[in-house]
Amino acid sequence: MAFSVPGYSPSFKKPPEVLRLRRKRARSQGAAASPAPLLPEPAPRRAALAAGLPLRPFPAAAGRSGGGGPAAARRNPFARLDNRPRVAAEPPAEPPRDPQEAADRFLDSNRENDLQWDEMSPERTAVTDVPQTPQVAYKSDGPSSEGTELPVDWSIKTRLLFTSSQPFAWADHLKAQEEAQGLVQHCRATEVTLPQSIQDPKLSTELRCAFQQSLIYWLHPALSWLPLFPRIGADRKMAGKTSPWSNDETLQHILMSEWSVSFTSLYNLLKTKLCPYFYVCTYQFTVLFRAAGLAGNDAITALISPTTRGLREAMKNEGIEFSLPLIKENGRKKEAAGTSLGHAEEQAISDEDEEESFSWLEEMGVQDKIKKPDTLSIKLRKEKHEVQMDHRPESVVLVKGINTFTLLNFLINCKSLVATSGPQAGLPPTLLSPIAFRGATMQMLKARSVNVKSQALSGYKDQFSLEITGPIMPHCVHSVTMLLQSSQSGSFSAGLYPHEPTTVFNICLPMANVLDKEVVHKELANCGLHPKTLDQLSQIPLLGKSSLRNVEMSDYVYNWRS
């Protein structure tokens, strides 16, 4: 007996009532399984059937469908995801005869359930699909290849992530003696040769010292509370940091004076082939200086990216001869010679081009009927095309030979090289080098190893990773991969994260002749790099405007993708 109580739900059943309902339901289902008596159809229905009218099945006939067979019991719609009742006449499945057959049936049933679940909720598959192997499948539109050596990559990386089935515990917690030995090996440019495979990397002192040696780079200026790389788009990271020089002209002058001395020191080392390359990172563009012999060039080269029309015009006015390697005009590469042609000669050439462009009108005899655009319109149209490529990879500028020294003086005296407002106001550009130079500070890349569990077919599998962050230059990428080749027994994968404005430094530049590798190695023997690293940096770049993004080594063979 139910009483009227506020908040009481009449549909609520107590546990004893639920049990009674279940027993009652079981008895009713048993009664339904017995043959039901045939009931006579109503007289109106018989008359309609006699007249040949189409009628729906009589409700009472549902229980005797199939010649008076047992009625199909209504099934709980929440029992299975497919909401389909079981077939009563389906024979029971035979037990598996061997373990392999049992495993196959288990996988088939899992695939069937997954298919049913995917059909009901297709949006779920994009989130919960887990690869069957711990290897991550990277998709990229860039070219891929394989070989025993990686192609040279001149872009600056901001992060390296190595993964392997073997631990990276040897890279953590270096002893004081190992750290000191690694610093000495770097300063003395000691060549370290490791065996192809190391049985116990954690006990290998040579490996740990060489790893410490490969993480060192040189920086100017060095301000520990400011992130000095990357400089392009770094205003948000620098916002709120202390910058006492932003409103102090005297302090700005001192900083620029010290920076000029360091910049000149680096260029002199490069000119004498004691420094292989270095970077100048400003808040607007990045400059890569390379010594003669690297990247297949027989002279000092400087690549600037990205550039603007204003910067290119300023370089022209200073007498710097440069070219735009990625810009083609009239079937030939566009040369932007600053001092090779005078203003009158340039004007004469432009007038000749205009006359040639309208000569076909005279041939048709309609030159008087069509209005020619004036000189100002043509000039504005040309300037529009030049401005459209600003801040794009196509705006990369190449400076070669003696003009690099003119570029050095131009950058030292260029007022727009330093920001006048914002968080980077008054801060000189960042100089990055693999070797020491005047006014430089020794810095270390940050490295840490992490152990994680990854899902596999048989459960979970240990996956080990090594992460390196900081301004990672080309020589460092090659040195670390050589070490991992020995420590991980020739099996690892890596994800490389480049600083995008520097990926265009991988373009292939025009060469007058092919250099002899032996001569290049002999001239750059004292540049401070490992001979194998120097051999890689001497190669002709093949990546174009892209850079290495995924590298996988298996059985000492590289498979890379850009």
# chains A, B, ... in the order shown; residues from 1 in each chain; ligands from 1
>>> residues_around(residues="Val152 in chain A", least_positions_apart="6", cutoff="9 Å", atoms="only C-alpha atoms", output="ChimeraX atom specification")
/A:295,474,478,506,536-543,548
>>> write_last_selection(atoms="all heavy atoms", output="CSV table (one decimal), in the first residue's frame")
chain,number,residue,atom,x,y,z
A,295,ALA,N,78.8,23.9,-47.8
A,295,ALA,CA,77.6,23.9,-48.7
A,295,ALA,C,78.0,24.0,-50.2
A,295,ALA,O,77.2,24.5,-51.0
A,295,ALA,CB,76.7,25.1,-48.3
A,474,PRO,N,73.4,23.2,-36.6
A,474,PRO,CA,73.5,22.0,-37.5
A,474,PRO,C,74.6,21.0,-37.0
A,474,PRO,O,74.4,19.8,-37.0
A,474,PRO,CB,73.9,22.6,-38.8
A,474,PRO,CG,73.3,23.9,-38.9
A,474,PRO,CD,73.4,24.4,-37.5
A,478,HIS,N,74.1,16.7,-35.9
A,478,HIS,CA,74.9,15.6,-36.4
A,478,HIS,C,75.7,14.9,-35.3
A,478,HIS,O,75.8,13.7,-35.2
A,478,HIS,CB,75.9,16.1,-37.5
A,478,HIS,CG,76.6,15.1,-38.2
A,478,HIS,ND1,77.9,14.7,-37.8
A,478,HIS,CD2,76.3,14.3,-39.2
A,478,HIS,CE1,78.4,13.7,-38.6
A,478,HIS,NE2,77.4,13.4,-39.4
A,506,ASN,N,68.3,26.1,-46.5
A,506,ASN,CA,68.7,24.8,-47.1
A,506,ASN,C,68.6,24.9,-48.6
A,506,ASN,O,68.7,23.8,-49.2
A,506,ASN,CB,67.8,23.7,-46.5
A,506,ASN,CG,68.1,23.4,-45.1
A,506,ASN,OD1,69.2,23.4,-44.7
A,506,ASN,ND2,67.0,23.2,-44.3
A,536,GLN,N,79.8,16.4,-43.5
A,536,GLN,CA,78.4,16.6,-43.8
A,536,GLN,C,78.0,18.0,-44.1
A,536,GLN,O,77.3,18.3,-45.1
A,536,GLN,CB,77.5,16.2,-42.6
A,536,GLN,CG,76.0,16.1,-42.9
A,536,GLN,CD,75.2,16.4,-41.7
A,536,GLN,OE1,75.5,17.1,-40.8
A,536,GLN,NE2,74.0,15.7,-41.7
A,537,LEU,N,78.6,19.0,-43.4
A,537,LEU,CA,78.4,20.4,-43.7
A,537,LEU,C,79.0,20.9,-45.0
A,537,LEU,O,78.6,21.9,-45.5
A,537,LEU,CB,78.9,21.3,-42.6
A,537,LEU,CG,78.3,21.1,-41.2
A,537,LEU,CD1,78.9,22.0,-40.2
A,537,LEU,CD2,76.8,21.2,-41.2
A,538,SER,N,79.9,20.1,-45.6
A,538,SER,CA,80.5,20.4,-46.9
A,538,SER,C,79.6,20.0,-48.0
A,538,SER,O,79.8,20.4,-49.2
A,538,SER,CB,81.8,19.8,-47.0
A,538,SER,OG,82.7,20.2,-46.0
A,539,GLN,N,78.5,19.2,-47.7
A,539,GLN,CA,77.7,18.7,-48.8
A,539,GLN,C,76.8,19.9,-49.4
A,539,GLN,O,76.6,20.9,-48.7
A,539,GLN,CB,76.7,17.6,-48.3
A,539,GLN,CG,77.5,16.4,-47.8
A,539,GLN,CD,76.5,15.4,-47.2
A,539,GLN,OE1,75.3,15.6,-47.2
A,539,GLN,NE2,77.1,14.3,-46.6
A,540,ILE,N,76.3,19.6,-50.6
A,540,ILE,CA,75.4,20.6,-51.2
A,540,ILE,C,74.0,20.4,-50.6
A,540,ILE,O,73.5,19.3,-50.5
A,540,ILE,CB,75.4,20.4,-52.7
A,540,ILE,CG1,76.8,20.6,-53.3
A,540,ILE,CG2,74.4,21.3,-53.4
A,540,ILE,CD1,76.9,20.3,-54.8
A,541,PRO,N,73.4,21.5,-50.1
A,541,PRO,CA,72.0,21.3,-49.5
A,541,PRO,C,71.0,20.7,-50.6
A,541,PRO,O,71.0,21.1,-51.7
A,541,PRO,CB,71.6,22.7,-49.1
A,541,PRO,CG,73.0,23.4,-49.0
A,541,PRO,CD,73.8,22.8,-50.0
A,542,LEU,N,70.2,19.8,-50.1
A,542,LEU,CA,69.2,19.2,-50.9
A,542,LEU,C,67.8,19.4,-50.5
A,542,LEU,O,66.8,19.0,-51.2
A,542,LEU,CB,69.4,17.7,-51.0
A,542,LEU,CG,70.8,17.2,-51.5
A,542,LEU,CD1,71.0,15.7,-51.3
A,542,LEU,CD2,71.1,17.7,-52.9
A,543,LEU,N,67.5,20.0,-49.3
A,543,LEU,CA,66.2,20.1,-48.8
A,543,LEU,C,65.4,21.3,-49.3
A,543,LEU,O,64.2,21.4,-49.1
A,543,LEU,CB,66.3,20.2,-47.2
A,543,LEU,CG,66.9,19.0,-46.5
A,543,LEU,CD1,67.1,19.3,-45.0
A,543,LEU,CD2,66.1,17.8,-46.8
A,548,LEU,N,64.7,19.0,-42.1
A,548,LEU,CA,64.4,17.7,-41.5
A,548,LEU,C,63.4,17.9,-40.4
A,548,LEU,O,63.6,18.7,-39.5
A,548,LEU,CB,65.7,17.1,-41.0
A,548,LEU,CG,66.7,16.6,-42.1
A,548,LEU,CD1,68.0,16.1,-41.4
A,548,LEU,CD2,66.1,15.6,-42.9
>>> residues_around(residues="Met482 in chain A", least_positions_apart="6", cutoff="12 Å", atoms="only C-alpha atoms", output="number ranges by chain")
A: 148-150, 192-197, 207, 210-211, 214, 475-476, 488-492, 530, 532-533, 536, 553, 556, 558
>>> write_last_selection(atoms="N, CA and C atoms", output="CSV table (one decimal), in the first residue's frame")
chain,number,residue,atom,x,y,z
A,148,THR,N,72.8,5.9,-45.2
A,148,THR,CA,73.6,5.8,-44.0
A,148,THR,C,74.0,7.2,-43.4
A,149,GLU,N,73.7,8.3,-44.1
A,149,GLU,CA,74.0,9.6,-43.6
A,149,GLU,C,72.8,10.5,-43.9
A,150,LEU,N,72.6,11.5,-43.0
A,150,LEU,CA,71.5,12.5,-43.1
A,150,LEU,C,72.0,13.6,-44.0
A,192,VAL,N,86.5,12.6,-30.8
A,192,VAL,CA,86.1,11.4,-30.0
A,192,VAL,C,85.5,10.4,-31.0
A,193,THR,N,86.1,9.2,-31.0
A,193,THR,CA,85.6,8.1,-31.8
A,193,THR,C,85.0,7.0,-31.0
A,194,LEU,N,83.8,6.7,-31.1
A,194,LEU,CA,83.1,5.6,-30.3
A,194,LEU,C,82.9,4.4,-31.1
A,195,PRO,N,82.8,3.2,-30.5
A,195,PRO,CA,82.5,2.0,-31.2
A,195,PRO,C,81.1,2.0,-31.8
A,196,GLN,N,80.9,1.1,-32.7
A,196,GLN,CA,79.6,1.1,-33.4
A,196,GLN,C,78.4,0.8,-32.4
A,197,SER,N,78.7,0.0,-31.4
A,197,SER,CA,77.7,-0.3,-30.4
A,197,SER,C,78.3,-0.4,-29.1
A,207,LEU,N,81.3,8.1,-23.7
A,207,LEU,CA,80.0,8.5,-24.3
A,207,LEU,C,79.5,9.7,-23.5
A,210,ALA,N,81.5,12.9,-24.3
A,210,ALA,CA,81.2,13.3,-25.7
A,210,ALA,C,79.8,14.0,-25.7
A,211,PHE,N,78.8,13.5,-25.0
A,211,PHE,CA,77.5,14.1,-25.0
A,211,PHE,C,77.5,15.5,-24.4
A,214,SER,N,79.0,17.8,-27.0
A,214,SER,CA,78.1,18.2,-28.1
A,214,SER,C,77.0,19.2,-27.7
A,475,HIS,N,75.7,21.5,-36.5
A,475,HIS,CA,76.7,20.6,-36.0
A,475,HIS,C,76.3,19.8,-34.8
A,476,CYS,N,75.4,20.4,-34.0
A,476,CYS,CA,74.9,19.7,-32.8
A,476,CYS,C,74.0,18.5,-33.2
A,488,GLN,N,72.4,3.6,-28.7
A,488,GLN,CA,71.1,2.9,-28.9
A,488,GLN,C,71.1,1.7,-29.9
A,489,SER,N,72.3,1.3,-30.2
A,489,SER,CA,72.5,0.1,-31.1
A,489,SER,C,71.9,0.3,-32.4
A,490,GLY,N,72.0,1.5,-32.9
A,490,GLY,CA,71.5,1.8,-34.3
A,490,GLY,C,70.0,1.8,-34.5
A,491,SER,N,69.3,2.0,-33.4
A,491,SER,CA,67.8,2.0,-33.5
A,491,SER,C,67.2,3.1,-32.7
A,492,PHE,N,66.7,4.1,-33.3
A,492,PHE,CA,66.0,5.2,-32.6
A,492,PHE,C,65.2,6.0,-33.6
A,530,HIS,N,84.1,18.0,-35.7
A,530,HIS,CA,84.5,16.7,-35.9
A,530,HIS,C,84.6,16.5,-37.4
A,532,LYS,N,83.7,14.1,-39.4
A,532,LYS,CA,82.5,13.6,-40.0
A,532,LYS,C,81.5,14.7,-40.1
A,533,THR,N,81.4,15.5,-39.1
A,533,THR,CA,80.5,16.7,-39.1
A,533,THR,C,80.9,17.7,-40.2
A,536,GLN,N,79.8,16.4,-43.5
A,536,GLN,CA,78.4,16.6,-43.8
A,536,GLN,C,78.0,18.0,-44.1
A,553,MET,N,66.1,5.8,-37.4
A,553,MET,CA,67.2,4.9,-37.7
A,553,MET,C,66.9,3.4,-37.3
A,556,TYR,N,71.1,0.8,-38.3
A,556,TYR,CA,72.1,1.7,-38.7
A,556,TYR,C,71.9,2.4,-40.1
A,558,TYR,N,69.4,5.3,-41.9
A,558,TYR,CA,68.5,6.5,-41.7
A,558,TYR,C,67.3,6.4,-42.6
>>> closest_residue(among="A:Val520, A:Leu483, A:Ala440, A:Val396", to="His220 in chain A", atoms="only C-alpha atoms")
A:Ala440
>>> atom_distance(atom1="CA of Asp298 in chain A", atom2="CA of Pro510 in chain A")
10.9 Å
>>> atom_distance(atom1="CA of Pro434 in chain A", atom2="CA of Leu255 in chain A")
22.1 Å
>>> residues_around(residues="range 198-202 of chain A", least_positions_apart="6", cutoff="8 Å", atoms="only C-alpha atoms", output="MDAnalysis selection string")
chainID A and resid 169:171 208 486:489
>>> write_last_selection(atoms="N, CA and C atoms", output="PDB file, in the first residue's frame")
ATOM      1  N   ALA A 169      69.252   6.581 -19.794  1.00  0.00           N
ATOM      2  CA  ALA A 169      69.691   6.922 -18.438  1.00  0.00           C
ATOM      3  C   ALA A 169      71.138   7.401 -18.408  1.00  0.00           C
ATOM      4  N   TRP A 170      71.919   7.023 -19.410  1.00  0.00           N
ATOM      5  CA  TRP A 170      73.326   7.437 -19.446  1.00  0.00           C
ATOM      6  C   TRP A 170      73.485   8.941 -19.652  1.00  0.00           C
ATOM      7  N   ALA A 171      72.435   9.625 -20.139  1.00  0.00           N
ATOM      8  CA  ALA A 171      72.530  11.064 -20.407  1.00  0.00           C
ATOM      9  C   ALA A 171      72.223  11.916 -19.183  1.00  0.00           C
ATOM     10  N   ARG A 208      79.508   9.669 -22.205  1.00  0.00           N
ATOM     11  CA  ARG A 208      78.924  10.750 -21.403  1.00  0.00           C
ATOM     12  C   ARG A 208      79.698  12.054 -21.584  1.00  0.00           C
ATOM     13  N   SER A 486      75.619   4.883 -31.519  1.00  0.00           N
ATOM     14  CA  SER A 486      76.395   3.914 -30.739  1.00  0.00           C
ATOM     15  C   SER A 486      75.675   3.496 -29.470  1.00  0.00           C
ATOM     16  N   SER A 487      75.032   4.444 -28.790  1.00  0.00           N
ATOM     17  CA  SER A 487      74.415   4.129 -27.496  1.00  0.00           C
ATOM     18  C   SER A 487      73.124   3.344 -27.633  1.00  0.00           C
ATOM     19  N   GLN A 488      72.356   3.560 -28.718  1.00  0.00           N
ATOM     20  CA  GLN A 488      71.067   2.892 -28.894  1.00  0.00           C
ATOM     21  C   GLN A 488      71.144   1.732 -29.878  1.00  0.00           C
ATOM     22  N   SER A 489      72.328   1.259 -30.185  1.00  0.00           N
ATOM     23  CA  SER A 489      72.531   0.106 -31.070  1.00  0.00           C
ATOM     24  C   SER A 489      71.893   0.312 -32.440  1.00  0.00           C
TER      25      SER A 489
END
>>> closest_residue(among="A:Gly459, A:Gly470, A:Pro230, A:Gly296", to="Ala447 in chain A", atoms="only C-alpha atoms")
A:Gly470
>>> closest_atom_pairs(of="range 387-474 of chain A", to="range 495-503 of chain A", cutoff="12 Å", atoms="only C-alpha atoms", output="CSV")
residue,atom,partner,partner_atom,distance
A:His391,CA,A:Pro501,CA,9.1
A:Arg392,CA,A:Pro501,CA,8.6
A:Pro393,CA,A:Pro501,CA,7.4
A:Glu394,CA,A:Pro501,CA,11.1
A:Ser395,CA,A:Pro501,CA,11.0
A:Val396,CA,A:Pro501,CA,9.8
A:Ser465,CA,A:Gly495,CA,10.7
A:Leu466,CA,A:Gly495,CA,10.6
A:Glu467,CA,A:Gly495,CA,9.6
A:Ile468,CA,A:Leu496,CA,9.9
A:Thr469,CA,A:Tyr497,CA,9.7
A:Gly470,CA,A:His499,CA,10.7
A:Pro471,CA,A:His499,CA,8.9
A:Ile472,CA,A:Pro498,CA,8.9
A:Met473,CA,A:Pro498,CA,9.9
A:Pro474,CA,A:Pro498,CA,10.7
>>> closest_residue(among="A:Trp245, A:Phe229, A:Tyr267, A:Phe289", to="Pro423 in chain A", atoms="only C-alpha atoms")
A:Trp245
